[in-house]
$ cat my_file.pdb   # PDB, C-alpha atoms and all ligand atoms
ATOM      1  CA  MET A  38      17.262  15.626  15.956
ATOM      2  CA  GLY A  39      15.813  12.321  17.137
ATOM      3  CA  GLY A  40      14.315   9.580  15.005
ATOM      4  CA  SER A  41      10.774   9.601  16.423
ATOM      5  CA  ALA A  42       8.027  11.648  14.771
ATOM      6  CA  THR A  43       5.987  11.688  18.026
ATOM      7  CA  GLY A  44       5.396  15.267  19.194
ATOM      8  CA  GLN A  45       7.346  16.595  16.224
ATOM      9  CA  LYS A  46       5.771  19.493  14.403
ATOM     10  CA  ILE A  47       5.123  18.753  10.755
ATOM     11  CA  ALA A  48       4.271  21.355   8.125
ATOM     12  CA  PHE A  49       2.863  20.757   4.656
ATOM     13  CA  LEU A  50       4.044  23.444   2.277
ATOM     14  CA  GLY A  51       1.514  23.240  -0.524
ATOM     15  CA  THR A  52      -1.546  21.293   0.537
ATOM     16  CA  GLY A  53      -3.239  20.155  -2.647
ATOM     17  CA  LYS A  54      -4.313  16.642  -3.585
ATOM     18  CA  ILE A  55      -1.346  14.696  -2.257
ATOM     19  CA  GLY A  56      -0.629  17.086   0.630
ATOM     20  CA  GLU A  57      -4.208  16.831   1.876
ATOM     21  CA  ALA A  58      -4.267  13.042   1.415
ATOM     22  CA  LEU A  59      -1.120  12.724   3.539
ATOM     23  CA  LEU A  60      -2.363  15.202   6.108
ATOM     24  CA  SER A  61      -5.653  13.344   6.579
ATOM     25  CA  GLY A  62      -3.781  10.062   6.944
ATOM     26  CA  LEU A  63      -1.416  11.420   9.588
ATOM     27  CA  LEU A  64      -4.368  12.674  11.624
ATOM     28  CA  ARG A  65      -6.159   9.305  11.275
ATOM     29  CA  ALA A  66      -2.975   7.671  12.518
ATOM     30  CA  GLY A  67      -3.177   9.740  15.704
ATOM     31  CA  LYS A  68      -1.007  12.770  15.000
ATOM     32  CA  ALA A  69      -2.404  15.701  17.000
ATOM     33  CA  PRO A  70      -3.861  18.476  14.779
ATOM     34  CA  GLY A  71      -1.970  20.959  16.968
ATOM     35  CA  ASP A  72       1.298  19.410  15.742
ATOM     36  CA  VAL A  73       0.414  19.841  12.074
ATOM     37  CA  MET A  74       0.638  23.040  10.033
ATOM     38  CA  VAL A  75      -0.407  23.703   6.468
ATOM     39  CA  THR A  76       0.400  26.441   4.016
ATOM     40  CA  ALA A  77      -1.690  27.452   1.018
ATOM     41  CA  ARG A  78      -1.517  30.037  -1.732
ATOM     42  CA  ARG A  79      -5.179  31.000  -1.415
ATOM     43  CA  THR A  80      -6.990  32.110   1.760
ATOM     44  CA  GLU A  81     -10.115  30.043   0.911
ATOM     45  CA  ARG A  82      -7.970  26.924   0.669
ATOM     46  CA  ALA A  83      -6.283  27.656   4.029
ATOM     47  CA  GLU A  84      -9.706  28.189   5.637
ATOM     48  CA  GLU A  85     -11.062  24.989   4.111
ATOM     49  CA  LEU A  86      -8.158  22.954   5.526
ATOM     50  CA  THR A  87      -8.349  24.453   9.016
ATOM     51  CA  ALA A  88     -12.119  23.911   9.146
ATOM     52  CA  ARG A  89     -11.881  20.340   7.869
ATOM     53  CA  TYR A  90      -8.940  19.122   9.957
ATOM     54  CA  GLY A  91      -8.417  21.543  12.851
ATOM     55  CA  VAL A  92      -4.815  22.119  11.788
ATOM     56  CA  THR A  93      -3.146  25.532  11.786
ATOM     57  CA  ALA A  94      -2.670  27.448   8.553
ATOM     58  CA  VAL A  95       0.540  29.486   8.568
ATOM     59  CA  SER A  96       2.732  31.315   6.089
ATOM     60  CA  ASN A  97       5.535  29.431   4.395
ATOM     61  CA  ALA A  98       8.023  31.467   6.437
ATOM     62  CA  ASP A  99       6.328  30.557   9.748
ATOM     63  CA  ALA A 100       6.142  26.913   8.719
ATOM     64  CA  ALA A 101       9.892  26.980   8.116
ATOM     65  CA  LYS A 102      10.441  28.490  11.567
ATOM     66  CA  LEU A 103       7.960  26.487  13.624
ATOM     67  CA  ALA A 104       8.000  22.966  12.187
ATOM     68  CA  ASP A 105      10.665  20.292  12.696
ATOM     69  CA  THR A 106       9.778  18.532   9.460
ATOM     70  CA  LEU A 107       8.777  20.339   6.278
ATOM     71  CA  ILE A 108       6.925  18.323   3.649
ATOM     72  CA  LEU A 109       7.168  20.167   0.338
ATOM     73  CA  ALA A 110       4.168  19.183  -1.802
ATOM     74  CA  VAL A 111       3.858  21.850  -4.482
ATOM     75  CA  LYS A 112       4.106  20.994  -8.186
ATOM     76  CA  PRO A 113       7.659  20.556  -9.467
ATOM     77  CA  GLN A 114       7.080  23.670 -11.589
ATOM     78  CA  ASP A 115       6.349  25.710  -8.412
ATOM     79  CA  MET A 116       9.267  24.368  -6.385
ATOM     80  CA  GLY A 117      11.781  26.943  -7.666
ATOM     81  CA  ALA A 118       9.645  29.875  -6.499
ATOM     82  CA  LEU A 119       8.930  28.201  -3.155
ATOM     83  CA  LEU A 120      12.613  27.554  -2.496
ATOM     84  CA  GLU A 121      13.569  31.064  -3.546
ATOM     85  CA  GLU A 122      11.103  32.453  -0.982
ATOM     86  CA  LEU A 123      11.965  29.976   1.708
ATOM     87  CA  ALA A 124      15.520  28.694   1.540
ATOM     88  CA  PRO A 125      17.041  31.482   3.670
ATOM     89  CA  GLN A 126      14.492  30.753   6.439
ATOM     90  CA  ILE A 127      15.111  27.022   6.741
ATOM     91  CA  ALA A 128      17.644  26.250   9.445
ATOM     92  CA  ALA A 129      19.930  23.311   8.772
ATOM     93  CA  ASP A 130      18.455  21.294  11.685
ATOM     94  CA  LYS A 131      15.092  20.943   9.900
ATOM     95  CA  LEU A 132      14.221  17.819   7.958
ATOM     96  CA  VAL A 133      13.077  18.727   4.450
ATOM     97  CA  ILE A 134      10.982  16.070   2.711
ATOM     98  CA  SER A 135      10.090  16.623  -0.941
ATOM     99  CA  ALA A 136       7.151  14.761  -2.455
ATOM    100  CA  ALA A 137       7.700  16.323  -5.879
ATOM    101  CA  ALA A 138       8.153  14.164  -8.950
ATOM    102  CA  GLY A 139      11.482  14.374 -10.672
ATOM    103  CA  ILE A 140      13.420  16.841  -8.531
ATOM    104  CA  PRO A 141      16.574  15.291  -7.052
ATOM    105  CA  THR A 142      17.714  15.849  -3.466
ATOM    106  CA  ALA A 143      20.880  17.544  -4.810
ATOM    107  CA  TRP A 144      18.695  20.280  -6.382
ATOM    108  CA  PHE A 145      17.384  21.144  -2.900
ATOM    109  CA  GLU A 146      20.778  20.800  -1.230
ATOM    110  CA  THR A 147      22.316  23.443  -3.506
ATOM    111  CA  ARG A 148      19.547  25.898  -2.506
ATOM    112  CA  LEU A 149      19.343  25.172   1.236
ATOM    113  CA  ALA A 150      21.772  25.960   4.077
ATOM    114  CA  ALA A 151      24.814  23.689   3.986
ATOM    115  CA  GLY A 152      24.151  20.369   5.676
ATOM    116  CA  THR A 153      20.324  20.539   5.589
ATOM    117  CA  PRO A 154      18.948  16.985   5.460
ATOM    118  CA  VAL A 155      16.702  16.332   2.463
ATOM    119  CA  VAL A 156      14.663  13.196   1.803
ATOM    120  CA  ARG A 157      12.878  12.550  -1.484
ATOM    121  CA  VAL A 158       9.631  10.622  -1.240
ATOM    122  CA  MET A 159       7.205   9.499  -3.949
ATOM    123  CA  PRO A 160       3.880   8.636  -2.274
ATOM    124  CA  ASN A 161       0.612   7.843  -4.057
ATOM    125  CA  THR A 162      -3.009   8.815  -3.466
ATOM    126  CA  PRO A 163      -4.097   5.549  -1.767
ATOM    127  CA  VAL A 164      -2.523   7.112   1.362
ATOM    128  CA  LEU A 165      -6.110   8.396   1.637
ATOM    129  CA  VAL A 166      -7.210   4.878   2.622
ATOM    130  CA  ASP A 167      -4.002   3.923   4.471
ATOM    131  CA  GLU A 168      -2.891   1.784   1.500
ATOM    132  CA  GLY A 169      -0.282   4.141   0.106
ATOM    133  CA  MET A 170       3.007   3.091  -1.464
ATOM    134  CA  SER A 171       5.763   5.555  -0.662
ATOM    135  CA  VAL A 172       9.267   5.253  -2.056
ATOM    136  CA  ILE A 173      12.002   6.947  -0.022
ATOM    137  CA  SER A 174      15.556   8.076  -0.826
ATOM    138  CA  GLY A 175      17.856  10.124   1.390
ATOM    139  CA  GLY A 176      20.023  12.980   0.144
ATOM    140  CA  SER A 177      23.670  13.365   1.082
ATOM    141  CA  HIS A 178      22.989  14.907   4.542
ATOM    142  CA  ALA A 179      20.093  12.627   5.526
ATOM    143  CA  THR A 180      21.060  10.305   8.369
ATOM    144  CA  GLU A 181      19.511   6.993   9.361
ATOM    145  CA  ALA A 182      17.468   8.903  11.967
ATOM    146  CA  HIS A 183      16.044  11.192   9.264
ATOM    147  CA  LEU A 184      15.121   8.221   7.095
ATOM    148  CA  VAL A 185      13.475   6.481  10.045
ATOM    149  CA  ARG A 186      11.516   9.644  10.843
ATOM    150  CA  THR A 187      10.370   9.837   7.220
ATOM    151  CA  GLU A 188       9.386   6.154   7.228
ATOM    152  CA  GLU A 189       7.358   6.688  10.407
ATOM    153  CA  ILE A 190       5.374   9.417   8.689
ATOM    154  CA  PHE A 191       4.705   7.481   5.484
ATOM    155  CA  ARG A 192       4.227   4.045   7.111
ATOM    156  CA  SER A 193       1.339   5.549   9.071
ATOM    157  CA  VAL A 194      -0.540   5.740   5.742
ATOM    158  CA  GLY A 195       0.609   2.561   3.974
ATOM    159  CA  LYS A 196       3.837   0.897   2.913
ATOM    160  CA  ALA A 197       7.193   2.614   2.587
ATOM    161  CA  LEU A 198      10.221   1.299   0.762
ATOM    162  CA  ARG A 199      13.735   2.732   0.607
ATOM    163  CA  VAL A 200      15.333   2.753  -2.840
ATOM    164  CA  PRO A 201      18.511   4.313  -4.257
ATOM    165  CA  GLU A 202      17.657   7.749  -5.591
ATOM    166  CA  SER A 203      18.619   6.575  -9.096
ATOM    167  CA  GLN A 204      15.414   4.460  -9.020
ATOM    168  CA  GLN A 205      13.066   7.315  -8.072
ATOM    169  CA  ASP A 206      12.000   8.256 -11.608
ATOM    170  CA  ALA A 207      11.101   4.631 -12.354
ATOM    171  CA  ALA A 208       9.277   4.334  -9.014
ATOM    172  CA  THR A 209       7.337   7.491  -9.867
ATOM    173  CA  ALA A 210       6.231   5.868 -13.142
ATOM    174  CA  LEU A 211       5.179   2.661 -11.356
ATOM    175  CA  SER A 212       3.664   3.510  -7.999
ATOM    176  CA  GLY A 213       3.404   7.318  -7.986
ATOM    177  CA  SER A 214       1.308   7.381 -11.152
ATOM    178  CA  GLY A 215       0.226   3.728 -10.840
ATOM    179  CA  PRO A 216      -3.234   4.261  -9.299
ATOM    180  CA  ALA A 217      -4.221   6.336 -12.359
ATOM    181  CA  TYR A 218      -3.550   3.397 -14.692
ATOM    182  CA  PHE A 219      -5.854   1.151 -12.672
ATOM    183  CA  TYR A 220      -8.593   3.804 -12.630
ATOM    184  CA  PHE A 221      -8.189   4.168 -16.390
ATOM    185  CA  LEU A 222      -8.545   0.401 -16.905
ATOM    186  CA  VAL A 223     -11.558   0.194 -14.612
ATOM    187  CA  GLU A 224     -13.208   3.120 -16.404
ATOM    188  CA  ALA A 225     -12.631   1.406 -19.771
ATOM    189  CA  MET A 226     -13.990  -1.924 -18.481
ATOM    190  CA  ILE A 227     -17.113  -0.238 -17.114
ATOM    191  CA  ASP A 228     -17.642   1.213 -20.594
ATOM    192  CA  ALA A 229     -17.238  -2.303 -21.981
ATOM    193  CA  GLY A 230     -19.973  -3.450 -19.592
ATOM    194  CA  ILE A 231     -22.230  -0.715 -20.998
ATOM    195  CA  LEU A 232     -21.406  -1.923 -24.517
ATOM    196  CA  LEU A 233     -22.486  -5.413 -23.466
ATOM    197  CA  GLY A 234     -25.802  -4.001 -22.263
ATOM    198  CA  LEU A 235     -25.319  -3.883 -18.477
ATOM    199  CA  PRO A 236     -26.643  -0.971 -16.418
ATOM    200  CA  ARG A 237     -23.739   1.358 -15.464
ATOM    201  CA  GLN A 238     -24.144   0.713 -11.726
ATOM    202  CA  VAL A 239     -24.047  -3.056 -12.229
ATOM    203  CA  ALA A 240     -20.982  -2.808 -14.496
ATOM    204  CA  HIS A 241     -19.295  -0.582 -11.887
ATOM    205  CA  GLU A 242     -19.991  -2.986  -9.034
ATOM    206  CA  LEU A 243     -18.845  -6.065 -10.982
ATOM    207  CA  ILE A 244     -15.565  -4.518 -12.077
ATOM    208  CA  VAL A 245     -14.677  -2.746  -8.829
ATOM    209  CA  GLN A 246     -15.256  -5.868  -6.723
ATOM    210  CA  SER A 247     -13.277  -7.927  -9.260
ATOM    211  CA  ALA A 248     -10.437  -5.394  -8.978
ATOM    212  CA  ILE A 249     -10.510  -5.590  -5.172
ATOM    213  CA  GLY A 250     -10.540  -9.405  -5.188
ATOM    214  CA  ALA A 251      -7.746  -9.591  -7.766
ATOM    215  CA  SER A 252      -5.637  -7.024  -5.841
ATOM    216  CA  ILE A 253      -5.961  -8.924  -2.573
ATOM    217  CA  MET A 254      -5.028 -12.194  -4.318
ATOM    218  CA  LEU A 255      -2.012 -10.479  -5.890
ATOM    219  CA  ARG A 256      -0.918  -9.268  -2.471
ATOM    220  CA  ASP A 257      -1.769 -12.267  -0.298
ATOM    221  CA  SER A 258      -1.600 -15.461  -2.391
ATOM    222  CA  GLY A 259       2.149 -15.429  -2.942
ATOM    223  CA  GLU A 260       1.458 -16.515  -6.551
ATOM    224  CA  HIS A 261       2.966 -14.897  -9.630
ATOM    225  CA  PRO A 262       0.396 -12.887 -11.663
ATOM    226  CA  VAL A 263       0.846 -15.345 -14.560
ATOM    227  CA  LYS A 264      -0.336 -18.233 -12.334
ATOM    228  CA  LEU A 265      -3.318 -16.236 -11.135
ATOM    229  CA  ARG A 266      -4.279 -15.380 -14.722
ATOM    230  CA  GLU A 267      -3.850 -18.993 -15.841
ATOM    231  CA  ALA A 268      -6.263 -20.099 -13.137
ATOM    232  CA  VAL A 269      -8.942 -17.870 -14.709
ATOM    233  CA  THR A 270      -8.186 -18.904 -18.283
ATOM    234  CA  SER A 271     -10.127 -22.089 -19.145
ATOM    235  CA  PRO A 272      -9.256 -24.020 -22.313
ATOM    236  CA  ALA A 273     -11.295 -22.727 -25.269
ATOM    237  CA  GLY A 274     -13.086 -20.445 -22.809
ATOM    238  CA  THR A 275     -14.075 -16.802 -22.522
ATOM    239  CA  THR A 276     -10.923 -15.392 -20.912
ATOM    240  CA  ILE A 277      -8.538 -16.535 -23.638
ATOM    241  CA  ALA A 278     -10.824 -14.939 -26.226
ATOM    242  CA  ALA A 279     -10.406 -11.622 -24.395
ATOM    243  CA  ILE A 280      -6.644 -12.077 -23.876
ATOM    244  CA  ARG A 281      -6.182 -12.637 -27.614
ATOM    245  CA  GLU A 282      -7.843  -9.259 -28.255
ATOM    246  CA  LEU A 283      -5.612  -7.553 -25.664
ATOM    247  CA  GLU A 284      -2.505  -9.061 -27.295
ATOM    248  CA  ASN A 285      -3.775  -8.165 -30.801
ATOM    249  CA  HIS A 286      -4.118  -4.542 -29.683
ATOM    250  CA  GLY A 287      -0.646  -4.453 -28.154
ATOM    251  CA  VAL A 288      -1.803  -3.688 -24.612
ATOM    252  CA  ARG A 289       1.398  -5.101 -23.075
ATOM    253  CA  ALA A 290       3.567  -2.980 -25.394
ATOM    254  CA  ALA A 291       1.362   0.041 -24.678
ATOM    255  CA  LEU A 292       1.986  -0.385 -20.938
ATOM    256  CA  LEU A 293       5.742  -0.691 -21.456
ATOM    257  CA  GLY A 294       5.675   2.501 -23.522
ATOM    258  CA  ALA A 295       3.380   4.305 -21.088
ATOM    259  CA  LEU A 296       5.568   3.690 -18.052
ATOM    260  CA  GLU A 297       8.674   4.615 -20.015
ATOM    261  CA  ALA A 298       6.973   7.911 -20.939
ATOM    262  CA  ALA A 299       6.121   8.563 -17.273
ATOM    263  CA  ARG A 300       9.738   7.823 -16.255
ATOM    264  CA  ASP A 301      11.001  10.201 -18.954
ATOM    265  CA  ARG A 302       8.594  12.945 -17.864
ATOM    266  CA  SER A 303       9.819  12.566 -14.286
ATOM    267  CA  ARG A 304      13.373  13.066 -15.556
ATOM    268  CA  GLU A 305      12.281  16.174 -17.464
ATOM    269  CA  LEU A 306      10.827  17.627 -14.259
ATOM    270  CA  ALA A 307      14.234  17.306 -12.552
ATOM    271  CA  THR A 308      14.948  20.991 -12.883
ATOM    272  CA  GLY A 309      11.445  22.039 -11.893
ATOM    273  CA  GLY A 310      10.969  22.918 -15.596
ATOM    274  CA  LYS A 311       7.648  23.278 -17.431
TER
HETATM  275  N1  LIG B 401      -1.219  13.768  -7.036
HETATM  276  C1  LIG B 401      -0.481  12.667  -6.856
HETATM  277  O1  LIG B 401      -0.971  11.525  -6.974
HETATM  278  C2  LIG B 401       0.950  12.782  -6.455
HETATM  279  C3  LIG B 401       1.622  13.973  -6.494
HETATM  280  N2  LIG B 401       2.942  14.043  -6.124
HETATM  281  C4  LIG B 401       3.666  15.308  -6.137
HETATM  282  O2  LIG B 401       3.062  16.160  -5.196
HETATM  283  C5  LIG B 401       3.165  17.502  -5.620
HETATM  284  C6  LIG B 401       1.783  18.137  -5.606
HETATM  285  O3  LIG B 401       0.948  17.456  -6.516
HETATM  286  P1  LIG B 401      -0.638  17.562  -6.390
HETATM  287  O4  LIG B 401      -1.026  17.455  -4.958
HETATM  288  O5  LIG B 401      -1.178  16.609  -7.374
HETATM  289  O6  LIG B 401      -0.844  19.057  -6.926
HETATM  290  P2  LIG B 401      -1.883  20.161  -6.430
HETATM  291  O7  LIG B 401      -1.842  21.229  -7.470
HETATM  292  O8  LIG B 401      -3.176  19.524  -6.077
HETATM  293  O9  LIG B 401      -1.221  20.700  -5.080
HETATM  294  C7  LIG B 401      -0.215  21.650  -5.003
HETATM  295  C8  LIG B 401      -0.672  22.697  -4.014
HETATM  296  O10 LIG B 401       0.403  23.571  -3.744
HETATM  297  C9  LIG B 401      -0.117  24.879  -3.637
HETATM  298  N3  LIG B 401       0.987  25.823  -3.811
HETATM  299  C10 LIG B 401       1.690  26.121  -4.938
HETATM  300  N4  LIG B 401       2.650  27.024  -4.662
HETATM  301  C11 LIG B 401       2.554  27.310  -3.345
HETATM  302  C12 LIG B 401       3.267  28.167  -2.482
HETATM  303  N5  LIG B 401       4.283  28.918  -2.916
HETATM  304  N6  LIG B 401       2.921  28.198  -1.187
HETATM  305  C13 LIG B 401       1.900  27.430  -0.717
HETATM  306  N7  LIG B 401       1.178  26.588  -1.495
HETATM  307  C14 LIG B 401       1.511  26.543  -2.797
HETATM  308  C15 LIG B 401      -1.162  24.944  -4.718
HETATM  309  O11 LIG B 401      -2.016  26.023  -4.499
HETATM  310  P3  LIG B 401      -3.201  26.397  -5.526
HETATM  311  O12 LIG B 401      -4.353  25.532  -5.075
HETATM  312  O13 LIG B 401      -3.412  27.847  -5.307
HETATM  313  O14 LIG B 401      -2.712  26.052  -6.901
HETATM  314  C16 LIG B 401      -1.821  23.576  -4.553
HETATM  315  O15 LIG B 401      -2.840  23.584  -3.563
HETATM  316  C17 LIG B 401       3.802  17.490  -7.010
HETATM  317  O16 LIG B 401       5.145  17.840  -6.886
HETATM  318  C18 LIG B 401       3.646  16.053  -7.465
HETATM  319  O17 LIG B 401       4.732  15.657  -8.296
HETATM  320  C19 LIG B 401       3.605  12.949  -5.652
HETATM  321  C20 LIG B 401       2.979  11.751  -5.604
HETATM  322  C21 LIG B 401       1.634  11.537  -6.035
HETATM  323  O1  LIG B 402       1.299  13.100 -12.351
HETATM  324  C1  LIG B 402       2.197  13.530 -11.623
HETATM  325  O2  LIG B 402       3.123  14.216 -12.082
HETATM  326  C2  LIG B 402       2.190  13.193 -10.159
HETATM  327  C3  LIG B 402       3.452  12.494  -9.728
HETATM  328  C4  LIG B 402       3.062  11.066  -9.514
HETATM  329  C5  LIG B 402       1.613  11.098  -9.555
HETATM  330  N1  LIG B 402       1.147  12.262  -9.844
END
$ encode --input "my_file.pdb" --output "structure tokens" --more "lines below"
Ligand SMILES: NC(=O)C1=CN([C@@H]2O[C@H](COP(=O)(O)OP(=O)(O)OC[C@H]3O[C@@H](n4cnc5c(N)ncnc54)[C@H](OP(=O)(O)O)[C@@H]3O)[C@@H](O)[C@H]2O)C=CC1
Ligand SMILES: O=C(O)[C@@H]1CCC=N1
Amino acid sequence: MGGSATGQKIAFLGTGKIGEALLSGLLRAGKAPGDVMVTARRTERAEELTARYGVTAVSNADAAKLADTLILAVKPQDMGALLEELAPQIAADKLVISAAAGIPTAWFETRLAAGTPVVRVMPNTPVLVDEGMSVISGGSHATEAHLVRTEEIFRSVGKALRVPESQQDAATALSGSGPAYFYFLVEAMIDAGILLGLPRQVAHELIVQSAIGASIMLRDSGEHPVKLREAVTSPAGTTIAAIRELENHGVRAALLGALEAARDRSRELATGGK
């Protein structure tokens, strides 16, 4: 199989939140709807996706037959059943990409035909706005061409970075789940604005634009986050009063613990368990 994704048929097996986000991004990037297939458990969901995107809804078995690249995007807990149904139908010249948290490439390799290339990818939902962060690791039969083909798919919706598979659970905790932490912080800060007497819409606008500005500075200034924070923190000013409260409440320690918990949960999902 060649390295280029152009003209290749791609199937999403399980097209929920992340599957749909990726699908919409691929189409925005110019992939022809006729080259994209989706599978769904429910007929209404299949109809919704075909109406919205003009892609073809097929059975899992047909996806395995017709597509060159299969992107498996069901929950880790549903992966066992999907593989049981599908493994015998996947020829070893297909590229199998798993977007599932936790499950190692070796788990797939033991269930698929000998030599089937498997690539594990952890994307995140900002693929919806072409600002995704996808972390990629090849299994033991994935060649450079397979990794390049995977990168082409995920770079069309943001950044992609190759890491050793041993780093995937940590990457899942950081970038896979990462957007949720920012939404959580923004939600809490909007509530703080309400506490301070601002109308909700004003609080929302102030915090969201501050988040956008801060994110762009983090990305583009080349400065360490400490430097950027110091530049906001005037002597005896307002910011240091807030930072003292954050430190008093152990927010840094809470984040360390939170990401460790996410990493551990990813490890627990390794067997597709509950
Ligand atoms: N959400 C995120 O931000 C990210 C998620 N992931 C990973 O992506 C995967 C999916 O997560 P997410 O999109 O959030 O979950 P969703 O539940 O939104 O999507 C999973 C979809 O798979 C469908 N499905 C389940 N079994 C089958 C089957 N046998 N055949 C066809 N379709 C099936 C479900 O159908 P039904 O609607 O009937 O339940 C559902 O639509 C997980 O493994 C997760 O770890 C990775 C990175 C980020
Ligand atoms: O919460 C989850 O398990 C998935 C994986 C990373 C983001 N969402």
$ closest_residue --input "my_file.pdb" --among "A:Leu132, A:Glu188, A:Leu306, A:Arg266" --to "Met254 in chain A" --atoms "all atoms listed in the file"
A:Arg266
$ residues_near_ligand --input "my_file.pdb" --ligand "ligand LIG 401 (chain B)" --cutoff "7 Å" --atoms "all atoms listed in the file" --output "PyMOL selection string"
chain A and resi 50-56+76-79+82+97+110-113+115+118-119+136-138+159-162+213-214
$ atom_distance --input "my_file.pdb" --atom1 "CA of Arg89 in chain A" --atom2 "atom C5 of ligand LIG 402 (chain B)"
23.9 Å
$ residues_around --input "my_file.pdb" --residues "range 292-302 of chain A" --least-positions-apart "3" --cutoff "6 Å" --atoms "only C-alpha atoms" --output "PDB file with C-alpha atoms, in the coordinates of the input"
ATOM      1  CA  ASP A 206      12.000   8.256 -11.608  1.00  0.00           C
ATOM      2  CA  ALA A 207      11.101   4.631 -12.354  1.00  0.00           C
ATOM      3  CA  ALA A 210       6.231   5.868 -13.142  1.00  0.00           C
ATOM      4  CA  ARG A 289       1.398  -5.101 -23.075  1.00  0.00           C
ATOM      5  CA  GLU A 305      12.281  16.174 -17.464  1.00  0.00           C
TER       6      GLU A 305
END
$ closest_residue --input "my_file.pdb" --among "A:Arg65, A:His261, A:Arg186, A:Arg157" --to "Gln205 in chain A" --atoms "all atoms listed in the file"
A:Arg157
$ residues_near_point --input "my_file.pdb" --point "(-9.3, 10.4, 5.3)" --cutoff "9 Å" --atoms "all atoms listed in the file" --output "PyMOL selection string"
chain A and resi 57-62+64-65+164-167
$ atom_distance --input "my_file.pdb" --atom1 "CA of Ala66 in chain A" --atom2 "CA of Phe191 in chain A"
10.4 Å
$ closest_residue --input "my_file.pdb" --among "A:Gly139, A:Pro201, A:Pro125, A:Gly175" --to "Ala151 in chain A" --atoms "only C-alpha atoms"
A:Pro125
$ atom_distance --input "my_file.pdb" --atom1 "CA of Ala101 in chain A" --atom2 "CA of Lys196 in chain A"
27.3 Å
$ resolve_selection --input "my_file.pdb" --expression "the PyMOL selection byres (((chain A and resi 106-109) around 6) and not hetatm)" --output "NGL selection string"
:A and (47-50 or 104-105 or 110 or 131-135)
$ closest_residue --input "my_file.pdb" --among "A:Met116, A:Val172, A:Leu123, A:Leu243" --to "Ala208 in chain A" --atoms "all atoms listed in the file"
A:Val172
$ build_atoms --input "my_file.pdb" --residues "range 205-209 of chain A" --atoms "all heavy atoms" --output "PDB file, in the frame of the given file"
ATOM      1  N   GLN A 205      14.279   6.540  -8.394  1.00  0.00           N
ATOM      2  CA  GLN A 205      13.066   7.315  -8.072  1.00  0.00           C
ATOM      3  C   GLN A 205      12.199   7.630  -9.290  1.00  0.00           C
ATOM      4  O   GLN A 205      10.976   7.602  -9.205  1.00  0.00           O
ATOM      5  CB  GLN A 205      13.440   8.617  -7.352  1.00  0.00           C
ATOM      6  CG  GLN A 205      13.662   8.454  -5.858  1.00  0.00           C
ATOM      7  CD  GLN A 205      12.358   8.413  -5.062  1.00  0.00           C
ATOM      8  OE1 GLN A 205      11.282   8.697  -5.569  1.00  0.00           O
ATOM      9  NE2 GLN A 205      12.456   8.053  -3.796  1.00  0.00           N
ATOM     10  N   ASP A 206      12.822   7.919 -10.438  1.00  0.00           N
ATOM     11  CA  ASP A 206      12.000   8.256 -11.608  1.00  0.00           C
ATOM     12  C   ASP A 206      11.198   7.034 -12.064  1.00  0.00           C
ATOM     13  O   ASP A 206      10.029   7.158 -12.469  1.00  0.00           O
ATOM     14  CB  ASP A 206      12.879   8.793 -12.747  1.00  0.00           C
ATOM     15  CG  ASP A 206      13.506  10.130 -12.388  1.00  0.00           C
ATOM     16  OD1 ASP A 206      12.781  11.013 -11.890  1.00  0.00           O
ATOM     17  OD2 ASP A 206      14.728  10.290 -12.578  1.00  0.00           O
ATOM     18  N   ALA A 207      11.815   5.866 -11.996  1.00  0.00           N
ATOM     19  CA  ALA A 207      11.101   4.631 -12.354  1.00  0.00           C
ATOM     20  C   ALA A 207       9.983   4.364 -11.343  1.00  0.00           C
ATOM     21  O   ALA A 207       8.859   4.003 -11.710  1.00  0.00           O
ATOM     22  CB  ALA A 207      12.073   3.460 -12.412  1.00  0.00           C
ATOM     23  N   ALA A 208      10.288   4.560 -10.052  1.00  0.00           N
ATOM     24  CA  ALA A 208       9.277   4.334  -9.014  1.00  0.00           C
ATOM     25  C   ALA A 208       8.095   5.288  -9.201  1.00  0.00           C
ATOM     26  O   ALA A 208       6.933   4.915  -9.016  1.00  0.00           O
ATOM     27  CB  ALA A 208       9.895   4.514  -7.632  1.00  0.00           C
ATOM     28  N   THR A 209       8.403   6.510  -9.610  1.00  0.00           N
ATOM     29  CA  THR A 209       7.337   7.491  -9.867  1.00  0.00           C
ATOM     30  C   THR A 209       6.417   6.980 -10.971  1.00  0.00           C
ATOM     31  O   THR A 209       5.189   7.074 -10.886  1.00  0.00           O
ATOM     32  CB  THR A 209       7.963   8.848 -10.260  1.00  0.00           C
ATOM     33  OG1 THR A 209       8.767   9.279  -9.163  1.00  0.00           O
ATOM     34  CG2 THR A 209       6.920   9.895 -10.582  1.00  0.00           C
TER      35      THR A 209
END
